[in-house]
Every structure is written in C-alpha cells, then in structure tokens.
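Structure, as structure tokens:
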Amino acid sequence: MSDPDGERLRELVERAGVRVAIAESLTGGRLSAELAAAPGASEWFRGGIVAYASDVKYDLLGVPHGPVVSEVAASAMAAGACRLLDADVAVALTGVGGPDRQEGEPPGTVWFALHHGTTHETRLERLAGDPPEVVEQTCARATEMLADHLRRESGDG
C-alpha cells in the first residue's frame, strides 16, 4: 500500500471511528503487514490472524468443516477475527494463490468477506497471474473492499 493509499485509509477509519482486524490465508500475513505500516495504524488496527492451514481456520476462527476456499469460510473468518481481536470491522480472504488447484478451484480463485456489526459482505474474484501477482492483487482488492465499506458508512460513497 503506497503512502497516499495508507493516508486515505487512515482518514476513512478515523472518520468511521472503527477498529479493524484481518483474517488472511493465501496472502500469508502480507495484508496485515501493509495495514500495520499505514500512518496511525496503532490507533485503529487491532491485528491480523494468518490462518494458512485449514485446521487453524476450523479450530481458531470457527470455520465450519468443509471447503476453505468458499464463501462460508471467508464469512466465518471475518466474524472470527472481529470476535478474537475485539474489532468493529474485519476483512477476511481465502483462496488459491497457485500454481496448483485447491479443492477443485483454479489458481486465482479468492473469496473476500467483510464483517461489521450486522453488515456482512462477500465477494468472489477470479484473479490472473502467477502466485505473487495473485497475492498482490488480493491485498489491493481487500484494502479496496475495506475502504469502500468505510466510505459508505461515512456517507461518502
């Protein structure tokens, strides 16, 4: 996340008055690291959970047993991150970075979820590129999802 993006996210979070958490899988902690580097993150970023292994998703985040590259898994991950990290808003992502298929899904398949009180959003993306490109695009899309939600919450979008 570039500095202008980080500053914009900071402004949105501060205007909304929320604490943010992340639950991530295929990105391996990169999204959490990007948010932690944003200006003023110590005031609003609660932390991130890197649930790379399926059993971590099941046992820690409360994902129901079954496919982890799914809308159900992403939703449970977001709700679990809010609960475990005492956050108001959480973004979660789970998917297939590649180069191989997982659970029958092709590389680039990513489920995103956002949890904020009674608001719950999910989105499926099919991203192109090699594994590092998929991770980069996933982090950018997750940050956009959070920013778009915060804009709507504050009446700016």
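Identifiers in this document derive from the order of the structure tokens: chains are assigned A, B, ..., residues are numbered from 1 separately in each chain, and ligands are numbered from 1 in order of occurrence.
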Which residues are near Gly108 of chain A? Cut-off 10 Å, only C-alpha atoms, ignore same chain within fewer than 6 positions. Put them as a PyMOL selection string. chain A and resi 95-101+125-131+133-135+137-138
Output N, CA, C and O atoms for every residue in the selection just made, as a short mmCIF file (atom, residue, chain, number, x, y, z; two decimals), in the first residue's frame.
data_model
loop_
_atom_site.label_atom_id
_atom_site.label_comp_id
_atom_site.auth_asym_id
_atom_site.auth_seq_id
_atom_site.Cartn_x
_atom_site.Cartn_y
_atom_site.Cartn_z
N GLY A 95 -8.31 -18.33 -0.44
CA GLY A 95 -8.33 -18.67 -1.85
C GLY A 95 -7.14 -19.49 -2.28
O GLY A 95 -6.42 -20.06 -1.47
N VAL A 96 -6.96 -19.52 -3.58
CA VAL A 96 -5.92 -20.32 -4.22
C VAL A 96 -4.93 -19.39 -4.92
O VAL A 96 -5.26 -18.78 -5.93
N GLY A 97 -3.74 -19.30 -4.34
CA GLY A 97 -2.72 -18.47 -4.96
C GLY A 97 -2.07 -19.14 -6.16
O GLY A 97 -1.64 -18.50 -7.09
N GLY A 98 -2.00 -20.44 -6.12
CA GLY A 98 -1.40 -21.21 -7.21
C GLY A 98 -0.04 -21.74 -6.79
O GLY A 98 0.39 -21.54 -5.68
N PRO A 99 0.62 -22.46 -7.62
CA PRO A 99 0.29 -22.67 -9.03
C PRO A 99 -0.71 -23.81 -9.27
O PRO A 99 -1.20 -23.96 -10.38
N ASP A 100 -1.03 -24.58 -8.23
CA ASP A 100 -1.92 -25.73 -8.40
C ASP A 100 -3.34 -25.42 -7.95
O ASP A 100 -3.57 -24.49 -7.18
N ARG A 101 -4.27 -26.24 -8.38
CA ARG A 101 -5.67 -26.14 -7.94
C ARG A 101 -5.75 -26.55 -6.47
O ARG A 101 -4.90 -27.28 -5.97
N GLU A 125 -13.65 -13.37 -6.44
CA GLU A 125 -12.86 -12.81 -7.53
C GLU A 125 -12.08 -13.94 -8.19
O GLU A 125 -11.63 -14.87 -7.52
N ARG A 126 -11.89 -13.83 -9.49
CA ARG A 126 -11.04 -14.75 -10.25
C ARG A 126 -9.89 -13.89 -10.79
O ARG A 126 -10.06 -13.13 -11.73
N LEU A 127 -8.74 -14.00 -10.15
CA LEU A 127 -7.59 -13.16 -10.46
C LEU A 127 -6.62 -13.91 -11.37
O LEU A 127 -6.46 -15.13 -11.26
N ALA A 128 -5.96 -13.16 -12.23
CA ALA A 128 -4.99 -13.75 -13.16
C ALA A 128 -3.57 -13.46 -12.69
O ALA A 128 -3.33 -12.48 -11.99
N GLY A 129 -2.66 -14.34 -13.08
CA GLY A 129 -1.25 -14.11 -12.79
C GLY A 129 -0.62 -15.25 -12.04
O GLY A 129 -1.28 -16.23 -11.67
N ASP A 130 0.67 -15.11 -11.81
CA ASP A 130 1.40 -16.11 -11.04
C ASP A 130 1.12 -15.89 -9.55
O ASP A 130 0.49 -14.89 -9.18
N PRO A 131 1.56 -16.81 -8.67
CA PRO A 131 1.22 -16.66 -7.24
C PRO A 131 1.56 -15.30 -6.63
O PRO A 131 0.70 -14.72 -5.96
N GLU A 133 1.66 -12.40 -8.06
CA GLU A 133 0.71 -11.43 -8.62
C GLU A 133 -0.67 -11.60 -8.01
O GLU A 133 -1.37 -10.61 -7.73
N VAL A 134 -1.08 -12.84 -7.80
CA VAL A 134 -2.39 -13.09 -7.17
C VAL A 134 -2.40 -12.54 -5.75
O VAL A 134 -3.37 -11.90 -5.33
N VAL A 135 -1.33 -12.74 -5.01
CA VAL A 135 -1.25 -12.21 -3.64
C VAL A 135 -1.31 -10.68 -3.65
O VAL A 135 -2.05 -10.07 -2.87
N GLN A 137 -2.62 -8.67 -5.95
CA GLN A 137 -3.98 -8.24 -6.32
C GLN A 137 -4.97 -8.49 -5.19
O GLN A 137 -5.87 -7.67 -4.96
N THR A 138 -4.80 -9.60 -4.47
CA THR A 138 -5.70 -9.92 -3.36
C THR A 138 -5.60 -8.86 -2.27
O THR A 138 -6.63 -8.38 -1.76
#
Using the chain letters and numbers from this document, which residues of chain A does DSSP assign to strand (DSSP E or B), as a PyMOL selection string? chain A and resi 20-24+45-50+89-95+102+105+109-116+119-126
Those same residues - N, CA and C atoms - I'd like them written as a short mmCIF file (atom, residue, chain, number, x, y, z; two decimals), in the first residue's frame.
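Wrote out-v5.cif, looks like this:
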data_model
loop_
_atom_site.label_atom_id
_atom_site.label_comp_id
_atom_site.auth_asym_id
_atom_site.auth_seq_id
_atom_site.Cartn_x
_atom_site.Cartn_y
_atom_site.Cartn_z
N VAL A 20 -10.06 -2.12 13.23
CA VAL A 20 -10.02 -3.04 12.10
C VAL A 20 -9.15 -4.26 12.41
N ALA A 21 -9.61 -5.42 11.92
CA ALA A 21 -8.84 -6.66 12.03
C ALA A 21 -8.85 -7.37 10.68
N ILE A 22 -7.91 -8.27 10.53
CA ILE A 22 -7.77 -9.04 9.29
C ILE A 22 -7.66 -10.52 9.63
N ALA A 23 -8.26 -11.36 8.79
CA ALA A 23 -8.03 -12.81 8.82
C ALA A 23 -7.65 -13.18 7.40
N GLU A 24 -6.46 -13.69 7.24
CA GLU A 24 -5.98 -13.96 5.89
C GLU A 24 -5.36 -15.35 5.79
N PHE A 45 -5.70 -0.30 13.98
CA PHE A 45 -5.50 -1.67 13.51
C PHE A 45 -5.29 -2.60 14.70
N ARG A 46 -6.24 -3.51 14.91
CA ARG A 46 -6.19 -4.43 16.05
C ARG A 46 -5.21 -5.58 15.82
N GLY A 47 -5.04 -5.99 14.57
CA GLY A 47 -4.12 -7.07 14.26
C GLY A 47 -4.69 -7.98 13.20
N GLY A 48 -3.92 -9.01 12.91
CA GLY A 48 -4.32 -9.96 11.90
C GLY A 48 -4.06 -11.38 12.33
N ILE A 49 -4.84 -12.26 11.80
CA ILE A 49 -4.67 -13.69 12.04
C ILE A 49 -4.33 -14.33 10.70
N VAL A 50 -3.18 -14.97 10.63
CA VAL A 50 -2.79 -15.68 9.43
C VAL A 50 -3.18 -17.14 9.64
N VAL A 89 -14.66 -3.96 12.64
CA VAL A 89 -14.70 -4.36 11.24
C VAL A 89 -13.57 -5.34 10.98
N ALA A 90 -13.88 -6.39 10.24
CA ALA A 90 -12.82 -7.32 9.83
C ALA A 90 -12.99 -7.67 8.36
N VAL A 91 -11.88 -7.80 7.70
CA VAL A 91 -11.83 -8.28 6.33
C VAL A 91 -11.12 -9.62 6.36
N ALA A 92 -11.67 -10.59 5.63
CA ALA A 92 -11.06 -11.91 5.55
C ALA A 92 -10.92 -12.31 4.09
N LEU A 93 -9.91 -13.11 3.83
CA LEU A 93 -9.71 -13.60 2.48
C LEU A 93 -9.14 -15.01 2.53
N THR A 94 -9.64 -15.82 1.62
CA THR A 94 -9.20 -17.21 1.50
C THR A 94 -9.29 -17.59 0.03
N GLY A 95 -8.31 -18.33 -0.44
CA GLY A 95 -8.33 -18.67 -1.85
C GLY A 95 -7.14 -19.49 -2.28
N GLN A 102 -6.77 -26.09 -5.80
CA GLN A 102 -7.06 -26.49 -4.42
C GLN A 102 -8.57 -26.68 -4.31
N GLU A 105 -10.67 -25.82 -7.14
CA GLU A 105 -10.72 -24.44 -7.61
C GLU A 105 -9.39 -24.07 -8.28
N THR A 109 -8.59 -18.04 -7.64
CA THR A 109 -9.91 -18.02 -7.02
C THR A 109 -9.77 -17.49 -5.60
N VAL A 110 -10.41 -16.38 -5.30
CA VAL A 110 -10.30 -15.77 -3.97
C VAL A 110 -11.67 -15.33 -3.49
N TRP A 111 -12.01 -15.74 -2.26
CA TRP A 111 -13.22 -15.26 -1.58
C TRP A 111 -12.82 -14.19 -0.58
N PHE A 112 -13.54 -13.08 -0.60
CA PHE A 112 -13.36 -11.97 0.33
C PHE A 112 -14.61 -11.86 1.18
N ALA A 113 -14.45 -11.48 2.44
CA ALA A 113 -15.60 -11.20 3.30
C ALA A 113 -15.28 -10.01 4.18
N LEU A 114 -16.31 -9.25 4.49
CA LEU A 114 -16.20 -8.12 5.40
C LEU A 114 -17.32 -8.26 6.42
N HIS A 115 -16.97 -8.12 7.68
CA HIS A 115 -17.94 -8.22 8.78
C HIS A 115 -17.87 -6.93 9.59
N HIS A 116 -19.05 -6.30 9.80
CA HIS A 116 -19.13 -5.08 10.59
C HIS A 116 -20.51 -5.04 11.23
N THR A 119 -23.68 -5.87 9.31
CA THR A 119 -23.33 -5.83 7.89
C THR A 119 -22.36 -6.96 7.58
N HIS A 120 -22.68 -7.68 6.53
CA HIS A 120 -21.81 -8.76 6.11
C HIS A 120 -21.79 -8.79 4.59
N GLU A 121 -20.61 -8.66 4.01
CA GLU A 121 -20.45 -8.66 2.56
C GLU A 121 -19.49 -9.78 2.17
N THR A 122 -19.76 -10.40 1.04
CA THR A 122 -18.82 -11.37 0.49
C THR A 122 -18.67 -11.10 -1.00
N ARG A 123 -17.54 -11.55 -1.52
CA ARG A 123 -17.27 -11.35 -2.94
C ARG A 123 -16.31 -12.43 -3.42
N LEU A 124 -16.57 -12.94 -4.61
CA LEU A 124 -15.69 -13.91 -5.25
C LEU A 124 -14.97 -13.21 -6.39
N GLU A 125 -13.65 -13.37 -6.44
CA GLU A 125 -12.86 -12.81 -7.53
C GLU A 125 -12.08 -13.94 -8.19
N ARG A 126 -11.89 -13.83 -9.49
CA ARG A 126 -11.04 -14.75 -10.25
C ARG A 126 -9.89 -13.89 -10.79
#
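Nearest-residue note for Pro132 of chain A: choosing from A:Gly6, A:Asp55, A:Pro107, A:Val72, the minimum distance belongs to A:Pro107, counting only C-alpha atoms.
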Selection: 6 Å around Arg19 of chain A, only C-alpha atoms, excl. self and same-chain fewer than 6 positions, as a PyMOL selection string: chain A and resi 44-45+87-88
Would you save the residues from that selection as a PDB file, in the first residue's frame, using C-alpha atoms?
ATOM      1  CA  TRP A  44      -7.086   1.590  14.672  1.00  0.00           C
ATOM      2  CA  PHE A  45      -5.504  -1.671  13.510  1.00  0.00           C
ATOM      3  CA  ALA A  87     -12.535  -5.281  16.308  1.00  0.00           C
ATOM      4  CA  ASP A  88     -15.506  -3.458  14.846  1.00  0.00           C
TER       5      ASP A  88
END
If DSSP is run on the backbone, what residues of chain A are helix (DSSP H, G or I)? A reply as JSON, numbers by chain would be ideal. {"A": [3, 4, 5, 6, 7, 8, 9, 10, 11, 12, 13, 14, 15, 16, 30, 31, 32, 33, 34, 35, 36, 41, 42, 43, 44, 54, 55, 56, 57, 58, 59, 71, 72, 73, 74, 75, 76, 77, 78, 79, 80, 81, 82, 83, 84, 85, 131, 132, 133, 134, 135, 136, 137, 138, 139, 140, 141, 142, 143, 144, 145, 146, 147, 148, 149, 150, 151, 152, 153]}
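Atom pair atom CA of Ala147 of chain A / atom CA of Val13 of chain A: separated by 8.2 Å.
Considering only C-alpha atoms, the residue among A:Glu144, A:Glu7, A:Glu136, A:Asp59 positioned nearest to Pro39 of chain A is A:Glu7.
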As a PyMOL selection string, please: the residues near Ala53 of chain A (cut-off 10 Å, only C-alpha atoms, same-chain neighbours under 5 positions excluded). chain A and resi 25-26+58+68
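With atom CA of Arg83 of chain A on one side and atom CA of Asp5 of chain A on the other, the separation reads 26.8 Å.
Our summary of the geometry notes that atom CA of Ser154 of chain A is positioned 6.9 Å from atom CA of Arg15 of chain A.
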